[in-house]
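Q: I am sharing final_5.cif, which consists of mmCIF, N, CA and C atoms:
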data_final
#
loop_
_atom_site.label_atom_id
_atom_site.label_comp_id
_atom_site.auth_asym_id
_atom_site.auth_seq_id
_atom_site.Cartn_x
_atom_site.Cartn_y
_atom_site.Cartn_z
N MET G 1 -40.11 -67.73 23.06
CA MET G 1 -39.65 -67.22 24.31
C MET G 1 -38.12 -67.29 24.32
N ALA G 2 -37.51 -66.19 24.69
CA ALA G 2 -36.06 -66.11 24.71
C ALA G 2 -35.52 -66.66 26.02
N THR G 3 -34.40 -67.32 25.91
CA THR G 3 -33.74 -67.82 27.11
C THR G 3 -32.47 -67.02 27.34
N TYR G 4 -32.19 -66.74 28.56
CA TYR G 4 -31.03 -65.96 28.92
C TYR G 4 -30.12 -66.78 29.82
N ARG G 5 -28.85 -66.60 29.62
CA ARG G 5 -27.89 -67.29 30.49
C ARG G 5 -27.82 -66.59 31.82
N SER G 6 -27.56 -67.37 32.79
CA SER G 6 -27.38 -66.79 34.12
C SER G 6 -26.03 -66.09 34.17
N PRO G 7 -25.85 -65.16 35.08
CA PRO G 7 -24.56 -64.47 35.19
C PRO G 7 -23.40 -65.43 35.41
N SER G 8 -23.66 -66.58 36.02
CA SER G 8 -22.56 -67.53 36.25
C SER G 8 -22.03 -68.09 34.93
N GLY G 9 -22.82 -68.03 33.88
CA GLY G 9 -22.35 -68.50 32.58
C GLY G 9 -21.30 -67.59 31.97
N TYR G 10 -21.21 -66.37 32.47
CA TYR G 10 -20.25 -65.41 31.92
C TYR G 10 -19.02 -65.26 32.79
N THR G 11 -18.96 -65.93 33.88
CA THR G 11 -17.80 -65.78 34.75
C THR G 11 -16.61 -66.51 34.14
N THR G 12 -15.45 -65.98 34.41
CA THR G 12 -14.22 -66.59 33.90
C THR G 12 -13.53 -67.35 35.02
N THR G 13 -12.56 -68.12 34.65
CA THR G 13 -11.83 -68.92 35.64
C THR G 13 -10.55 -68.23 36.07
N GLY G 14 -10.39 -66.96 35.77
CA GLY G 14 -9.19 -66.25 36.16
C GLY G 14 -8.10 -66.29 35.12
N VAL G 15 -8.39 -66.84 33.95
CA VAL G 15 -7.37 -66.92 32.90
C VAL G 15 -7.06 -65.53 32.36
N GLY G 16 -8.06 -64.70 32.22
CA GLY G 16 -7.86 -63.36 31.68
C GLY G 16 -6.89 -62.52 32.48
N PRO G 17 -7.06 -62.40 33.79
CA PRO G 17 -6.13 -61.60 34.58
C PRO G 17 -4.69 -62.13 34.56
N ARG G 18 -4.55 -63.45 34.55
CA ARG G 18 -3.20 -64.03 34.51
C ARG G 18 -2.53 -63.71 33.19
N LEU G 19 -3.26 -63.85 32.09
CA LEU G 19 -2.68 -63.54 30.80
C LEU G 19 -2.38 -62.05 30.68
N GLY G 20 -3.24 -61.23 31.26
CA GLY G 20 -2.98 -59.79 31.27
C GLY G 20 -1.72 -59.45 32.04
N LEU G 21 -1.54 -60.10 33.17
CA LEU G 21 -0.33 -59.87 33.97
C LEU G 21 0.91 -60.37 33.23
N ALA G 22 0.78 -61.51 32.56
CA ALA G 22 1.91 -62.03 31.77
C ALA G 22 2.27 -61.06 30.65
N ARG G 23 1.26 -60.48 30.01
CA ARG G 23 1.52 -59.50 28.95
C ARG G 23 2.19 -58.25 29.51
N LEU G 24 1.76 -57.84 30.70
CA LEU G 24 2.37 -56.67 31.34
C LEU G 24 3.83 -56.93 31.68
N VAL G 25 4.14 -58.12 32.19
CA VAL G 25 5.53 -58.48 32.47
C VAL G 25 6.34 -58.51 31.17
N HIS G 26 5.75 -59.05 30.12
CA HIS G 26 6.42 -59.10 28.82
C HIS G 26 6.69 -57.68 28.30
N LEU G 27 5.74 -56.78 28.46
CA LEU G 27 5.91 -55.40 28.03
C LEU G 27 7.00 -54.70 28.83
N ALA G 28 6.98 -54.86 30.15
CA ALA G 28 7.99 -54.24 31.00
C ALA G 28 9.38 -54.78 30.67
N THR G 29 9.46 -56.07 30.40
CA THR G 29 10.74 -56.67 30.02
C THR G 29 11.24 -56.07 28.71
N GLY G 30 10.36 -55.96 27.75
CA GLY G 30 10.75 -55.39 26.46
C GLY G 30 11.20 -53.94 26.58
N LEU G 31 10.51 -53.17 27.41
CA LEU G 31 10.92 -51.78 27.62
C LEU G 31 12.28 -51.69 28.31
N ALA G 32 12.51 -52.51 29.31
CA ALA G 32 13.79 -52.48 30.02
C ALA G 32 14.93 -52.90 29.10
N VAL G 33 14.73 -53.98 28.35
CA VAL G 33 15.77 -54.45 27.44
C VAL G 33 16.01 -53.42 26.33
N GLY G 34 14.94 -52.85 25.80
CA GLY G 34 15.09 -51.83 24.76
C GLY G 34 15.84 -50.62 25.27
N LEU G 35 15.55 -50.21 26.49
CA LEU G 35 16.24 -49.06 27.09
C LEU G 35 17.72 -49.35 27.27
N ILE G 36 18.05 -50.54 27.71
CA ILE G 36 19.46 -50.90 27.88
C ILE G 36 20.17 -50.92 26.54
N VAL G 37 19.55 -51.48 25.52
CA VAL G 37 20.17 -51.56 24.19
C VAL G 37 20.37 -50.15 23.62
N VAL G 38 19.38 -49.28 23.79
CA VAL G 38 19.52 -47.90 23.31
C VAL G 38 20.66 -47.21 24.05
N ALA G 39 20.78 -47.43 25.36
CA ALA G 39 21.87 -46.83 26.13
C ALA G 39 23.23 -47.34 25.66
N ILE G 40 23.32 -48.62 25.34
CA ILE G 40 24.57 -49.17 24.82
C ILE G 40 24.93 -48.50 23.50
N VAL G 41 23.96 -48.41 22.60
CA VAL G 41 24.22 -47.81 21.29
C VAL G 41 24.64 -46.34 21.45
N LEU G 42 23.97 -45.61 22.33
CA LEU G 42 24.34 -44.20 22.53
C LEU G 42 25.75 -44.06 23.07
N ARG G 43 26.15 -44.94 23.97
CA ARG G 43 27.51 -44.89 24.50
C ARG G 43 28.55 -45.25 23.42
N VAL G 44 28.24 -46.28 22.64
CA VAL G 44 29.20 -46.76 21.65
C VAL G 44 29.39 -45.76 20.51
N VAL G 45 28.31 -45.14 20.06
CA VAL G 45 28.43 -44.19 18.94
C VAL G 45 28.90 -42.83 19.39
N GLY G 46 29.02 -42.62 20.70
CA GLY G 46 29.54 -41.36 21.22
C GLY G 46 28.54 -40.22 21.13
N ALA G 47 27.31 -40.49 21.47
CA ALA G 47 26.28 -39.45 21.44
C ALA G 47 26.63 -38.34 22.43
N ASN G 48 26.15 -37.15 22.16
CA ASN G 48 26.42 -35.99 22.98
C ASN G 48 25.87 -36.21 24.39
N ALA G 49 26.75 -36.37 25.36
CA ALA G 49 26.35 -36.66 26.74
C ALA G 49 25.72 -35.46 27.42
N HIS G 50 25.81 -34.28 26.81
CA HIS G 50 25.22 -33.08 27.40
C HIS G 50 23.77 -32.90 26.99
N ALA G 51 23.32 -33.64 25.98
CA ALA G 51 21.92 -33.57 25.59
C ALA G 51 21.07 -34.25 26.66
N GLU G 52 19.99 -33.62 27.02
CA GLU G 52 19.17 -34.10 28.13
C GLU G 52 18.61 -35.49 27.88
N ILE G 53 18.11 -35.76 26.68
CA ILE G 53 17.53 -37.07 26.38
C ILE G 53 18.59 -38.16 26.40
N VAL G 54 19.77 -37.86 25.88
CA VAL G 54 20.86 -38.85 25.89
C VAL G 54 21.27 -39.13 27.32
N ARG G 55 21.39 -38.09 28.12
CA ARG G 55 21.79 -38.27 29.52
C ARG G 55 20.75 -39.11 30.27
N TRP G 56 19.46 -38.82 30.02
CA TRP G 56 18.40 -39.56 30.71
C TRP G 56 18.42 -41.03 30.31
N LEU G 57 18.55 -41.31 29.01
CA LEU G 57 18.55 -42.70 28.53
C LEU G 57 19.76 -43.48 29.06
N VAL G 58 20.92 -42.86 29.03
CA VAL G 58 22.13 -43.55 29.52
C VAL G 58 22.06 -43.74 31.03
N ASP G 59 21.55 -42.75 31.77
CA ASP G 59 21.41 -42.91 33.22
C ASP G 59 20.41 -44.01 33.56
N ALA G 60 19.32 -44.08 32.81
CA ALA G 60 18.33 -45.15 33.05
C ALA G 60 18.95 -46.51 32.74
N GLY G 61 19.70 -46.60 31.65
CA GLY G 61 20.39 -47.85 31.33
C GLY G 61 21.41 -48.22 32.38
N ARG G 62 22.13 -47.23 32.89
CA ARG G 62 23.12 -47.47 33.94
C ARG G 62 22.44 -47.97 35.21
N TRP G 63 21.29 -47.38 35.56
CA TRP G 63 20.58 -47.81 36.75
C TRP G 63 20.07 -49.24 36.61
N LEU G 64 19.53 -49.58 35.45
CA LEU G 64 19.02 -50.94 35.23
C LEU G 64 20.14 -51.99 35.26
N THR G 65 21.33 -51.60 34.88
CA THR G 65 22.43 -52.56 34.79
C THR G 65 23.35 -52.52 36.00
N THR G 66 22.97 -51.83 37.06
CA THR G 66 23.82 -51.68 38.23
C THR G 66 24.37 -53.00 38.77
N PRO G 67 23.58 -54.07 38.89
CA PRO G 67 24.15 -55.32 39.43
C PRO G 67 25.22 -55.94 38.53
N PHE G 68 25.31 -55.50 37.29
CA PHE G 68 26.24 -56.10 36.35
C PHE G 68 27.48 -55.24 36.11
N HIS G 69 27.59 -54.12 36.81
CA HIS G 69 28.76 -53.26 36.61
C HIS G 69 30.01 -53.96 37.12
N GLY G 70 31.05 -53.91 36.31
CA GLY G 70 32.33 -54.48 36.70
C GLY G 70 32.39 -55.99 36.61
N LEU G 71 31.39 -56.62 36.02
CA LEU G 71 31.41 -58.07 35.91
C LEU G 71 32.55 -58.53 35.01
N PHE G 72 32.69 -57.84 33.89
CA PHE G 72 33.82 -58.08 32.99
C PHE G 72 34.67 -56.82 32.98
N SER G 73 35.97 -56.99 33.06
CA SER G 73 36.86 -55.83 33.00
C SER G 73 37.42 -55.71 31.59
N ALA G 74 36.70 -54.98 30.79
CA ALA G 74 37.11 -54.72 29.41
C ALA G 74 37.39 -53.24 29.27
N HIS G 75 38.10 -52.89 28.23
CA HIS G 75 38.47 -51.49 28.02
C HIS G 75 37.61 -50.87 26.93
N GLY G 76 37.40 -49.60 27.09
CA GLY G 76 36.66 -48.85 26.08
C GLY G 76 35.19 -49.22 26.03
N ASP G 77 34.67 -49.25 24.82
CA ASP G 77 33.25 -49.54 24.62
C ASP G 77 32.89 -50.98 24.95
N TRP G 78 33.87 -51.86 24.92
CA TRP G 78 33.57 -53.26 25.21
C TRP G 78 33.06 -53.44 26.63
N HIS G 79 33.43 -52.55 27.53
CA HIS G 79 32.92 -52.59 28.91
C HIS G 79 31.40 -52.51 28.90
N TYR G 80 30.86 -51.57 28.15
CA TYR G 80 29.41 -51.39 28.09
C TYR G 80 28.74 -52.51 27.29
N ILE G 81 29.37 -52.91 26.22
CA ILE G 81 28.78 -53.95 25.38
C ILE G 81 28.68 -55.26 26.16
N LEU G 82 29.73 -55.64 26.87
CA LEU G 82 29.72 -56.91 27.61
C LEU G 82 28.83 -56.87 28.85
N ASN G 83 29.09 -55.90 29.73
CA ASN G 83 28.37 -55.86 31.00
C ASN G 83 26.90 -55.50 30.82
N TRP G 84 26.64 -54.45 30.07
CA TRP G 84 25.26 -54.01 29.87
C TRP G 84 24.53 -54.97 28.94
N GLY G 85 25.23 -55.53 27.97
CA GLY G 85 24.61 -56.51 27.08
C GLY G 85 24.21 -57.78 27.83
N LEU G 86 25.05 -58.20 28.75
CA LEU G 86 24.69 -59.36 29.59
C LEU G 86 23.48 -59.04 30.45
N ALA G 87 23.42 -57.83 30.98
CA ALA G 87 22.26 -57.43 31.77
C ALA G 87 20.99 -57.49 30.93
N ALA G 88 21.05 -57.00 29.70
CA ALA G 88 19.89 -57.05 28.81
C ALA G 88 19.48 -58.49 28.54
N LEU G 89 20.44 -59.35 28.32
CA LEU G 89 20.15 -60.76 28.06
C LEU G 89 19.51 -61.43 29.29
N VAL G 90 20.03 -61.15 30.48
CA VAL G 90 19.47 -61.72 31.70
C VAL G 90 18.05 -61.22 31.91
N TYR G 91 17.82 -59.91 31.72
CA TYR G 91 16.46 -59.37 31.85
C TYR G 91 15.52 -60.02 30.84
N LEU G 92 15.99 -60.22 29.63
CA LEU G 92 15.15 -60.80 28.59
C LEU G 92 14.75 -62.23 28.94
N VAL G 93 15.71 -63.04 29.34
CA VAL G 93 15.43 -64.44 29.68
C VAL G 93 14.56 -64.53 30.93
N ALA G 94 14.91 -63.78 31.98
CA ALA G 94 14.15 -63.82 33.22
C ALA G 94 12.72 -63.32 33.02
N GLY G 95 12.56 -62.24 32.28
CA GLY G 95 11.23 -61.71 32.02
C GLY G 95 10.38 -62.67 31.21
N HIS G 96 11.00 -63.32 30.23
CA HIS G 96 10.27 -64.29 29.42
C HIS G 96 9.84 -65.49 30.27
N MET G 97 10.72 -65.95 31.15
CA MET G 97 10.38 -67.09 32.00
C MET G 97 9.27 -66.73 32.98
N ILE G 98 9.33 -65.53 33.55
CA ILE G 98 8.28 -65.10 34.49
C ILE G 98 6.94 -64.96 33.76
N ALA G 99 6.96 -64.36 32.58
CA ALA G 99 5.72 -64.20 31.83
C ALA G 99 5.14 -65.56 31.43
N ARG G 100 6.00 -66.47 31.05
CA ARG G 100 5.52 -67.81 30.68
C ARG G 100 4.92 -68.52 31.90
N ALA G 101 5.57 -68.39 33.06
CA ALA G 101 5.04 -69.03 34.26
C ALA G 101 3.69 -68.43 34.65
N LEU G 102 3.56 -67.13 34.51
CA LEU G 102 2.28 -66.48 34.83
C LEU G 102 1.18 -66.92 33.88
N ALA G 103 1.53 -67.08 32.62
CA ALA G 103 0.52 -67.47 31.62
C ALA G 103 0.08 -68.91 31.80
N ARG G 104 0.97 -69.77 32.29
CA ARG G 104 0.65 -71.17 32.47
C ARG G 104 0.03 -71.50 33.82
N ALA G 105 0.23 -70.63 34.78
CA ALA G 105 -0.23 -70.92 36.16
C ALA G 105 -1.74 -71.05 36.23
#
Output the file's structure in the form of structure tokens.

A:
Amino acid sequence: MATYRSPSGYTTTGVGPRLGLARLVHLATGLAVGLIVVAIVLRVVGANAHAEIVRWLVDAGRWLTTPFHGLFSAHGDWHYILNWGLAALVYLVAGHMIARALARA
């Protein structure tokens, strides 16, 4: 005679959704940081600003880094490297901390 587990034997304690949310936060953080880094590289190498994809990527990077504009007053490309690079670093650290807290909660 076969024995079957009751449905309560298959219930989870909520670990799955929390880990899924932590992975989603980690993914969003990686996409935001990657977008900022790509925007920095496009600005520094002097990509054609009239190309639609370049304009979209740089505008998205500019929008993500808005709170960090003018933090350091540097000239030329160093303005983007310092201010936008700091924004990428802050997003990376904050996103990692949030994802870790969600995974441990």

Q: Here's the selection I'm unsure about, the PyMOL selection byres (((chain G and resi 58-75 and name CA) around 9) and name CA); applied to the file above, which residues does it give, as a list in words?

A: Ala32, Val33, Leu35, Ile36, Val37, Val38, Ala39, Ile40, Leu42, Arg43, Ala49, Ile53, Val54, Arg55, Trp56, Leu57, Gly76, Asp77, Trp78, His79, Tyr80, Leu82, Asn83, Trp84, Gly85, Leu86, Ala87 and Ala88 of chain G

Q: Mind pulling up the distance from CA of Leu31 in chain G to CA of Ala47 in chain G?

A: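 Going from CA of Ala47 in chain G over to CA of Leu31 in chain G covers 20.6 Å.
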
Q: Here's the selection I'm unsure about, the PyMOL selection byres (((chain G and resi 25 and name CA) around 10) and name CA); applied to the file above, which residues does it give, as a PDB file with N, CA and C atoms, keeping the file's coordinate frame?

A:
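Okay, out.pdb is ready:
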ATOM      1  N   LEU G  19      -3.260 -63.850  32.090  1.00  0.00           N
ATOM      2  CA  LEU G  19      -2.680 -63.540  30.800  1.00  0.00           C
ATOM      3  C   LEU G  19      -2.380 -62.050  30.680  1.00  0.00           C
ATOM      4  N   GLY G  20      -3.240 -61.230  31.260  1.00  0.00           N
ATOM      5  CA  GLY G  20      -2.980 -59.790  31.270  1.00  0.00           C
ATOM      6  C   GLY G  20      -1.720 -59.450  32.040  1.00  0.00           C
ATOM      7  N   LEU G  21      -1.540 -60.100  33.170  1.00  0.00           N
ATOM      8  CA  LEU G  21      -0.330 -59.870  33.970  1.00  0.00           C
ATOM      9  C   LEU G  21       0.910 -60.370  33.230  1.00  0.00           C
ATOM     10  N   ALA G  22       0.780 -61.510  32.560  1.00  0.00           N
ATOM     11  CA  ALA G  22       1.910 -62.030  31.770  1.00  0.00           C
ATOM     12  C   ALA G  22       2.270 -61.060  30.650  1.00  0.00           C
ATOM     13  N   ARG G  23       1.260 -60.480  30.010  1.00  0.00           N
ATOM     14  CA  ARG G  23       1.520 -59.500  28.950  1.00  0.00           C
ATOM     15  C   ARG G  23       2.190 -58.250  29.510  1.00  0.00           C
ATOM     16  N   LEU G  24       1.760 -57.840  30.700  1.00  0.00           N
ATOM     17  CA  LEU G  24       2.370 -56.670  31.340  1.00  0.00           C
ATOM     18  C   LEU G  24       3.830 -56.930  31.680  1.00  0.00           C
ATOM     19  N   HIS G  26       5.750 -59.050  30.120  1.00  0.00           N
ATOM     20  CA  HIS G  26       6.420 -59.100  28.820  1.00  0.00           C
ATOM     21  C   HIS G  26       6.690 -57.680  28.300  1.00  0.00           C
ATOM     22  N   LEU G  27       5.740 -56.780  28.460  1.00  0.00           N
ATOM     23  CA  LEU G  27       5.910 -55.400  28.030  1.00  0.00           C
ATOM     24  C   LEU G  27       7.000 -54.700  28.830  1.00  0.00           C
ATOM     25  N   ALA G  28       6.980 -54.860  30.150  1.00  0.00           N
ATOM     26  CA  ALA G  28       7.990 -54.240  31.000  1.00  0.00           C
ATOM     27  C   ALA G  28       9.380 -54.780  30.670  1.00  0.00           C
ATOM     28  N   THR G  29       9.460 -56.070  30.400  1.00  0.00           N
ATOM     29  CA  THR G  29      10.740 -56.670  30.020  1.00  0.00           C
ATOM     30  C   THR G  29      11.240 -56.070  28.710  1.00  0.00           C
ATOM     31  N   GLY G  30      10.360 -55.960  27.750  1.00  0.00           N
ATOM     32  CA  GLY G  30      10.750 -55.390  26.460  1.00  0.00           C
ATOM     33  C   GLY G  30      11.200 -53.940  26.580  1.00  0.00           C
ATOM     34  N   LEU G  31      10.510 -53.170  27.410  1.00  0.00           N
ATOM     35  CA  LEU G  31      10.920 -51.780  27.620  1.00  0.00           C
ATOM     36  C   LEU G  31      12.280 -51.690  28.310  1.00  0.00           C
ATOM     37  N   GLY G  95      12.560 -62.240  32.280  1.00  0.00           N
ATOM     38  CA  GLY G  95      11.230 -61.710  32.020  1.00  0.00           C
ATOM     39  C   GLY G  95      10.380 -62.670  31.210  1.00  0.00           C
ATOM     40  N   HIS G  96      11.000 -63.320  30.230  1.00  0.00           N
ATOM     41  CA  HIS G  96      10.270 -64.290  29.420  1.00  0.00           C
ATOM     42  C   HIS G  96       9.840 -65.490  30.270  1.00  0.00           C
ATOM     43  N   MET G  97      10.720 -65.950  31.150  1.00  0.00           N
ATOM     44  CA  MET G  97      10.380 -67.090  32.000  1.00  0.00           C
ATOM     45  C   MET G  97       9.270 -66.730  32.980  1.00  0.00           C
ATOM     46  N   ILE G  98       9.330 -65.530  33.550  1.00  0.00           N
ATOM     47  CA  ILE G  98       8.280 -65.100  34.490  1.00  0.00           C
ATOM     48  C   ILE G  98       6.940 -64.960  33.760  1.00  0.00           C
ATOM     49  N   ALA G  99       6.960 -64.360  32.580  1.00  0.00           N
ATOM     50  CA  ALA G  99       5.720 -64.200  31.830  1.00  0.00           C
ATOM     51  C   ALA G  99       5.140 -65.560  31.430  1.00  0.00           C
ATOM     52  N   ARG G 100       6.000 -66.470  31.050  1.00  0.00           N
ATOM     53  CA  ARG G 100       5.520 -67.810  30.680  1.00  0.00           C
ATOM     54  C   ARG G 100       4.920 -68.520  31.900  1.00  0.00           C
ATOM     55  N   LEU G 102       3.560 -67.130  34.510  1.00  0.00           N
ATOM     56  CA  LEU G 102       2.280 -66.480  34.830  1.00  0.00           C
ATOM     57  C   LEU G 102       1.180 -66.920  33.880  1.00  0.00           C
TER      58      LEU G 102
END

Q: To one decimal place in Å, what is the distance between atom C of Leu92 in chain G and CA of Gly46 in chain G?

A: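 Interatomic distance, atom C of Leu92 in chain G to CA of Gly46 in chain G: 26.7 Å.
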
Q: Take CA of Pro17 in chain G and CA of Ala94 in chain G and report the distance between them in Å, one decimal.

A: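 Between these atoms lies a distance of 20.4 Å.
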
Q: Can you list, as a PyMOL selection string, all residues belonging to chain G that DSSP tags as alpha helix (DSSP H)?

A: chain G and resi 15-45+52-64+78-104
